[in-house]
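Down below is the structure, laid out as structure tokens.
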Amino acid sequence: MATQAKRRRVAGPVGGGDAAPDPVAGFLSWCRQVGLELSPKVSVSRQGTVAGYGMVARESVQPGELLFAVPRAALLSQHTCSIGGLLERERGALQSQSGWVPLLLALLHELQAPASPWSPYFALWPELGRLEHPMFCEYYSIVLPFMEAHPDLFSPRVRSLELYRQLVALVMAYSFQEPLEEEEDEKEPNSPLMVPAADILNHLANHNANLEYSPNCLRMVATQLIPKGHEIFNTYGQMANWQLIHMYGFAEPYPDNTDDTADIQMVTVREAALQGTKVEAERLLLYERWDFLCKLEMVGEEGAFVIGREEVLTEEELTTTLKVLCMPAEEFREFKDQDGWGDNKREEDSLTITNIPKLKASWRQLLRDSVLLTLQTYATDLKSEQDLLSNEVYTRLSWREQQALQVRYGQKMILHQLLELTS
């Protein structure tokens, strides 16, 4: 929902006849009917947005100003849809691994219901393509049997795996999940729901608006000054570029995505450590250390250490791994006998980005060697991609090639920052 990842919008409900001449006008009229209040300082438009529909400031907006408020009655969920009572009664039969089946059934019903109150909202929905996801097995085991058991509520037009695929993709990309209160941390997560108007906003890591939840409504509030003519951005969460391109089909150009990350495969650190062994006894001891780290559940054959622009997201795992692989043999024996307990973490061993230059020399060397091995897995080096980004050849790349380049470049910049910090 931010940049060209947005797809063409559907014209309306399934089998709903001719498309409205102006879906935005229809949507805004519907907003007034359901009490969804948009600030007069904002407008829904295709003009001035990074992609597709978006929201733009018509006047300067100050931090803390309300952009729009969505009454809970306007939310589309398993509880608010016209078959909410049935979905609640059949809740036990609709249990699934994803937890999304009730919402998807609500969408399937409302899409084909001639008098659905959300029809003008559907006119702004994107037409999403195929998206493979393991939850599709739920369609034949749960969703289709439920629809066939209630033919008066689900017409043959919506008993379609392809439509179900599109709705799964839409829910993955556009739904919201209300956070639990602190005292509810032990409860199951809240079910996803569709939030009209909020799902129009595009994403930036440095977003200028945020969705707030209250008992009566959901409020989108400005978090910083939004000058006249500038687009209003929400956040889809703290997402690295590889996650954005996987979920939404776009990446933020460097250095805009402050949530970007680079991975160092855990087995790459093991490989870097093996490079420093000289005799078979040292190799065997290193594998013993690695097996111990596996026992502590700090590493795995498929795992990765995640490095952010400003922090190590897997700090405990990487700190423990560097410590165990680099400590003297006698110290490792004692550490192993205590099952990793009794080791006091020193402040200078804290694996924050700013503290990396203060790490022990052996730790820094192992980390550096791991970064170098990781950089070797890329087909091109940083310099060639810097040249490409500043060259007009970049503009002739396909959209897909540009986004893939931005993902690689952001990762390499993080890795090269690590090289500088460990030198």
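Order determines the names: the first chain of the structure tokens is A, the second B, and so forth; residues in each chain are numbered 1 upward, and ligands are numbered 1 upward as they are shown.
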task: Could you give me the residues within segment 82-236 of chain A that DSSP places in strand (DSSP E or B), as a list in words?
output: Pro126, Phe176, Leu193, Met194, Asn202, His203, Ala209, Asn210, Leu211, Glu212, Tyr213, Cys217, Leu218, Arg219, Met220, Val221, Ala222, Ile226, Glu231, Ile232, Phe233 and Asn234 of chain A
message: So that I can see what lies close to Lys383 of chain A, please list as an MDAnalysis selection string the residues with an atom at most 12 Å from it, counting only C-alpha atoms and leaving out residues fewer than 2 positions away in the same chain.
response: chainID A and resid 380:381 385:390 409 412:413 416
Please produce a file of the residues just selected, as a short mmCIF file (atom, residue, chain, number, x, y, z; two decimals), in the first residue's frame, where the atoms kept are N, CA, C and O atoms.
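As a result, again.cif now contains:
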```cif
data_model
loop_
_atom_site.label_atom_id
_atom_site.label_comp_id
_atom_site.auth_asym_id
_atom_site.auth_seq_id
_atom_site.Cartn_x
_atom_site.Cartn_y
_atom_site.Cartn_z
N THR A 380 27.27 -8.84 -6.61
CA THR A 380 27.95 -7.58 -6.92
C THR A 380 28.42 -6.92 -5.64
O THR A 380 27.94 -7.24 -4.54
N ASP A 381 29.37 -6.00 -5.76
CA ASP A 381 29.87 -5.32 -4.57
C ASP A 381 29.17 -3.99 -4.38
O ASP A 381 28.39 -3.54 -5.22
N GLU A 385 27.05 -1.06 -7.10
CA GLU A 385 25.65 -0.69 -6.91
C GLU A 385 25.50 0.80 -6.61
O GLU A 385 24.52 1.42 -7.01
N GLN A 386 26.48 1.37 -5.93
CA GLN A 386 26.48 2.83 -5.74
C GLN A 386 26.55 3.53 -7.09
O GLN A 386 25.85 4.52 -7.33
N ASP A 387 27.40 3.01 -7.97
CA ASP A 387 27.54 3.60 -9.31
C ASP A 387 26.23 3.47 -10.09
O ASP A 387 25.82 4.40 -10.80
N LEU A 388 25.58 2.32 -9.96
CA LEU A 388 24.34 2.09 -10.69
C LEU A 388 23.23 3.01 -10.20
O LEU A 388 22.46 3.56 -11.00
N LEU A 389 23.16 3.22 -8.88
CA LEU A 389 22.12 4.08 -8.32
C LEU A 389 22.28 5.53 -8.77
O LEU A 389 21.29 6.27 -8.89
N SER A 390 23.51 5.95 -9.01
CA SER A 390 23.75 7.34 -9.42
C SER A 390 23.83 7.50 -10.93
O SER A 390 24.12 8.59 -11.43
N TYR A 409 21.20 -2.97 -1.62
CA TYR A 409 22.04 -1.83 -1.26
C TYR A 409 21.89 -1.49 0.22
O TYR A 409 22.89 -1.24 0.91
N LYS A 412 23.77 -4.10 2.26
CA LYS A 412 25.23 -3.96 2.16
C LYS A 412 25.73 -2.75 2.94
O LYS A 412 26.83 -2.78 3.52
N MET A 413 24.94 -1.67 2.98
CA MET A 413 25.35 -0.50 3.76
C MET A 413 25.44 -0.85 5.24
O MET A 413 26.35 -0.40 5.95
N HIS A 416 28.58 -3.02 5.66
CA HIS A 416 29.82 -2.23 5.58
C HIS A 416 29.99 -1.34 6.81
O HIS A 416 31.14 -1.05 7.21
#
```
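We find atom CA of Arg219 of chain A and atom CA of Ala69 of chain A to be spaced 4.3 Å apart.
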field: Selection: 9 Å around Glu138 of chain A, only C-alpha atoms, excl. self and same-chain fewer than 6 positions, as a list of chain:residue names
entry: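 Skipping anything fewer than 6 positions along the chain leaves A:Ser96, A:Gln97, A:Ser98, A:Val101, A:Leu144.
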query: Excluding same-chain residues fewer than 2 positions from Ile307 of chain A, what lies within 7 Å of it counting only C-alpha atoms, as a list in words?
result: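 That gives Thr261, Ala262, Asp263, Phe305, Arg309, Glu311, Val312 and Leu313 of chain A.
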Let's have the selection written as a PDB file, in the first residue's frame, with N, CA and C atoms.
```pdb
ATOM      1  N   THR A 261      17.229  -3.976   7.894  1.00  0.00           N
ATOM      2  CA  THR A 261      18.134  -4.916   8.565  1.00  0.00           C
ATOM      3  C   THR A 261      18.942  -5.695   7.536  1.00  0.00           C
ATOM      4  N   ALA A 262      20.008  -6.293   8.013  1.00  0.00           N
ATOM      5  CA  ALA A 262      20.805  -7.237   7.221  1.00  0.00           C
ATOM      6  C   ALA A 262      20.993  -8.491   8.055  1.00  0.00           C
ATOM      7  N   ASP A 263      20.980  -9.639   7.408  1.00  0.00           N
ATOM      8  CA  ASP A 263      21.143 -10.917   8.102  1.00  0.00           C
ATOM      9  C   ASP A 263      22.557 -11.449   7.935  1.00  0.00           C
ATOM     10  N   PHE A 305      21.478 -14.079  12.437  1.00  0.00           N
ATOM     11  CA  PHE A 305      21.626 -12.938  13.320  1.00  0.00           C
ATOM     12  C   PHE A 305      21.160 -11.709  12.539  1.00  0.00           C
ATOM     13  N   ARG A 309      20.092  -0.894  11.607  1.00  0.00           N
ATOM     14  CA  ARG A 309      20.891   0.302  11.391  1.00  0.00           C
ATOM     15  C   ARG A 309      21.460   0.850  12.705  1.00  0.00           C
ATOM     16  N   GLU A 311      20.787  -1.000  15.939  1.00  0.00           N
ATOM     17  CA  GLU A 311      20.823  -1.999  17.001  1.00  0.00           C
ATOM     18  C   GLU A 311      20.944  -3.396  16.410  1.00  0.00           C
ATOM     19  N   VAL A 312      21.396  -4.319  17.244  1.00  0.00           N
ATOM     20  CA  VAL A 312      21.412  -5.732  16.883  1.00  0.00           C
ATOM     21  C   VAL A 312      20.122  -6.334  17.426  1.00  0.00           C
ATOM     22  N   LEU A 313      19.241  -6.763  16.529  1.00  0.00           N
ATOM     23  CA  LEU A 313      17.938  -7.256  16.959  1.00  0.00           C
ATOM     24  C   LEU A 313      18.033  -8.613  17.645  1.00  0.00           C
TER      25      LEU A 313
END
```
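Using only C-alpha atoms for every distance, the candidate list A:Glu182, A:Glu310, A:Glu231, A:Glu65 yields A:Glu310 as the residue closest to Asp259 of chain A.
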